[in-house]
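Engineer: To start, I am sharing the structure in question, which I have written as structure tokens.
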Amino acid sequence: MVSLLRFQTTLLTNGRATLSFTFKSTILNWKPLIPLNHSLFRFERKQLSSLSSSNMAQLINEAKAKDLIENVDTFLFDCDGVLWDGHGMIEGSLETLLKLKELGKKVFYVTNNSSKSRQHYLDRCKQLGFPAEKEEIVCTAYIAAAYLKKIQFEGTVYLIGKPDSLGEELSQVGIKYVGTGPDPLQGKLKDWLVMELDPEVKCVLVGFDPHISYMKIMKAATYLKNPNCLYLATNEDANLPAKGDVIVPGTGCMVVTVTHAAKRSPEIMGKPEAHMFEVLQQAHGLDPSRCLMVGDSLTTDMKFAKNCGMRSLLVLSGIATLEELNSKDAPSTPELYAPRLDELLKYI
């Protein structure tokens, strides 16, 4: 019979508690490790402090920057709010990126913005002086078209989006689309009930569309009444990273209206889902553990890094704020954070 039961709690590097049981017996000495919820036990104040800090983003410093340079081969940058914003280039971003290239690092531009094609982003990079090739740019318009091509889609796409971005990328892979441009409210309920739709439409694709309208939502939802009609969305960003007093609604505002009306959820092409990284990984053989995602959004960029197994750096020059980062309700926690990208430049 066991005469003594001793237990102790320890903190592991992943912040989980462990019970270590030791049975005092002449015939039994058993020490199982049982993962436990640390909230069930009382820890020393020092242990609680250690646990808290391990789950918090760390401000970048010289030692952490050195670690990145030694252990990261590939840097993935969100663009709007990281490299530039509505006012132009963000101070120090170009110099930081050029330094990384000088150190032999791979650089990719990864954006959820579906209002621009890869060619538009290439032109923007060249205009601001960022070194870029088309294959180094991944935008959601391109990913949506590549996805449809990969699954050998046949039919027409009903597109809520811009013809010079999503439309351009679809055309480049030979996919027909309809629905772009203004579609103002017409007729009344009796007219809507007999509205003719394109029988060739086999997919609804929702991206950023400044001409979003009641008619477009109605048509998209009606197409999606057919369970065999694909439903894709480029991203679900709530707003654009625009500084100032005005809130600029993002693609997510358009997606949610169609989703609610259709009572269906879309396949998301952009961040935080892994499609964008999978395309880069397949083309360039990337090891996610040696990749760093640099972004300005906790909801998309930092979740994207986590979903793909990458390291992460949040910059506070775009959407996210320090208050949001420190909130207990933060949607994700990056490994590192910095006020701006050029904070990294100070140490490399």
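Identifiers for the structure tokens are assigned positionally: chains receive A, B, ... in sequence, residues are indexed from 1 per chain, and ligands are indexed from 1 in the order shown.
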Tell me, as number ranges by chain, which residues lie within 7 Å of Pro241 of chain A, counting only C-alpha atoms; anything in the same chain fewer than 5 positions away does not count.

Structural biologist: A: 80-81, 318-319

Engineer: Skipping near chain neighbours, those fewer than 4 positions away, what residues fall within 9 Å of Asp342 of chain A using only C-alpha atoms, listed as a PyMOL selection string?

Structural biologist: chain A and resi 91-97+338+346

Engineer: Contacts of Ala144 of chain A at 9 Å or less, counting only C-alpha atoms, minus same-chain residues fewer than 5 places along, as a VMD selection string?

Structural biologist: chain A and resid 139 149 166 169 to 170 205 232 to 234 268 to 270

Engineer: When DSSP works through the backbone of this structure, what residues of segment 45-240 of chain A end up as helix (DSSP H, G or I), shown as a ChimeraX atom specification?

Structural biologist: /A:45-54,62-71,93-102,118-128,134-136,140-150,163-172,189-192,214-223

Engineer: In terms of the shortest atom-to-atom distance over only C-alpha atoms, which of A:Val258, A:Val206, A:Ala330, A:Ala320 is closest to Lys225 of chain A?

Structural biologist: A:Val258

Engineer: For Val157 of chain A, which of A:Glu267, A:Glu335, A:Asp198, A:Glu278 is the closest residue, counting only C-alpha atoms?

Structural biologist: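 Checking each candidate against Val157 of chain A, we get A:Asp198 as the closest.
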
Engineer: Closest to Asp209 of chain A among A:Ser115, A:Phe108, A:Pro131, A:Glu154, using only C-alpha atoms?

Structural biologist: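 The shortest atom-to-atom distance to Asp209 of chain A comes from A:Ser115.
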
Engineer: In segment 149-182 of chain A, what's strand (DSSP E) per DSSP? Answer as a list in words?

Structural biologist: Thr156, Val157, Tyr158, Leu159, Ile160, Lys176, Tyr177 and Val178 of chain A

Engineer: Distance atom CA of Asp237 of chain A-atom CA of Asp329 of chain A, one decimal place?

Structural biologist: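 We find that atom CA of Asp237 of chain A and atom CA of Asp329 of chain A lie 17.7 Å from each other.
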
Engineer: Which is closer to Lys219 of chain A than all the others in A:Leu122, A:Ala261, A:Ile247, A:Gly207, using only C-alpha atoms?

Structural biologist: A:Ala261

Engineer: Which residues, written as a ChimeraX atom specification, have at least one atom at most 8 Å from Tyr109 of chain A, with only C-alpha atoms counted and residues fewer than 2 positions away on the same chain left out?

Structural biologist: /A:76-79,107,111,136-138

Engineer: Next, the residues of the selection above should be written as an mmCIF file, in the first residue's frame with N, CA and C atoms.

Structural biologist:
```cif
data_model
loop_
_atom_site.group_PDB
_atom_site.id
_atom_site.type_symbol
_atom_site.label_atom_id
_atom_site.label_comp_id
_atom_site.auth_asym_id
_atom_site.auth_seq_id
_atom_site.Cartn_x
_atom_site.Cartn_y
_atom_site.Cartn_z
ATOM 1 N N LEU A 76 8.439 38.286 -44.651
ATOM 2 C CA LEU A 76 7.194 38.552 -45.361
ATOM 3 C C LEU A 76 6.602 39.842 -44.813
ATOM 4 N N PHE A 77 6.387 40.807 -45.687
ATOM 5 C CA PHE A 77 5.893 42.110 -45.260
ATOM 6 C C PHE A 77 4.472 42.363 -45.750
ATOM 7 N N ASP A 78 3.580 42.703 -44.819
ATOM 8 C CA ASP A 78 2.359 43.368 -45.226
ATOM 9 C C ASP A 78 2.783 44.733 -45.753
ATOM 10 N N CYS A 79 1.959 45.351 -46.565
ATOM 11 C CA CYS A 79 2.370 46.611 -47.206
ATOM 12 C C CYS A 79 1.727 47.844 -46.564
ATOM 13 N N VAL A 107 12.822 38.543 -49.428
ATOM 14 C CA VAL A 107 11.749 39.466 -49.056
ATOM 15 C C VAL A 107 10.542 39.237 -49.951
ATOM 16 N N THR A 111 -0.075 40.974 -49.150
ATOM 17 C CA THR A 111 -1.126 41.928 -48.783
ATOM 18 C C THR A 111 -2.526 41.371 -48.988
ATOM 19 N N GLU A 136 7.551 38.043 -56.299
ATOM 20 C CA GLU A 136 7.738 38.309 -54.872
ATOM 21 C C GLU A 136 6.518 38.994 -54.250
ATOM 22 N N ILE A 137 5.499 39.233 -55.053
ATOM 23 C CA ILE A 137 4.293 39.920 -54.592
ATOM 24 C C ILE A 137 3.127 38.936 -54.565
ATOM 25 N N VAL A 138 2.462 38.866 -53.427
ATOM 26 C CA VAL A 138 1.295 38.000 -53.288
ATOM 27 C C VAL A 138 0.141 38.840 -52.748
#
```

Engineer: Counting only C-alpha atoms, which of A:Phe75, A:Tyr223, A:Phe130, A:Phe277 gets nearest to Val204 of chain A?

Structural biologist: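 Checking each of A:Phe75, A:Tyr223, A:Phe130, A:Phe277 against Val204 of chain A, counting only C-alpha atoms, the winner is A:Tyr223.
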
Engineer: Give me the residues within 7 Å of Ala65 of chain A as a list in words, counting only C-alpha atoms and dropping any in the same chain fewer than 4 places off.

Structural biologist: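 The contact residues come out as Ile60, Asn61, Ile69, Leu344, Tyr347 and Ile348 of chain A.
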
Engineer: Write to file, as an mmCIF file, in the first residue's frame, the residues of the selection just made, with C-alpha atoms.

Structural biologist:
```cif
data_model
loop_
_atom_site.group_PDB
_atom_site.id
_atom_site.type_symbol
_atom_site.label_atom_id
_atom_site.label_comp_id
_atom_site.auth_asym_id
_atom_site.auth_seq_id
_atom_site.Cartn_x
_atom_site.Cartn_y
_atom_site.Cartn_z
ATOM 1 C CA ILE A 60 12.274 44.355 -30.053
ATOM 2 C CA ASN A 61 15.780 45.067 -28.799
ATOM 3 C CA ILE A 69 19.101 38.011 -38.341
ATOM 4 C CA LEU A 344 14.669 46.811 -36.324
ATOM 5 C CA TYR A 347 20.093 46.976 -34.309
ATOM 6 C CA ILE A 348 21.173 45.488 -37.631
#
```

Engineer: What is the atom CA of Gly104 of chain A-atom CA of Met293 of chain A distance in Å, reported with one decimal?

Structural biologist: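 Taking atom CA of Gly104 of chain A and atom CA of Met293 of chain A, their separation equals 16.9 Å.
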
Engineer: To one decimal in Å, tell me the separation between atom CA of Gln281 of chain A and atom CA of Val72 of chain A.

Structural biologist: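 Between atom CA of Gln281 of chain A and atom CA of Val72 of chain A the gap works out to 14.8 Å.
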
Engineer: Between A:Ser265, A:Ala242, A:Leu286, A:Cys291, single out the one closest to Glu70 of chain A, counting only C-alpha atoms.

Structural biologist: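 For Glu70 of chain A, the nearest of the candidates is A:Cys291.
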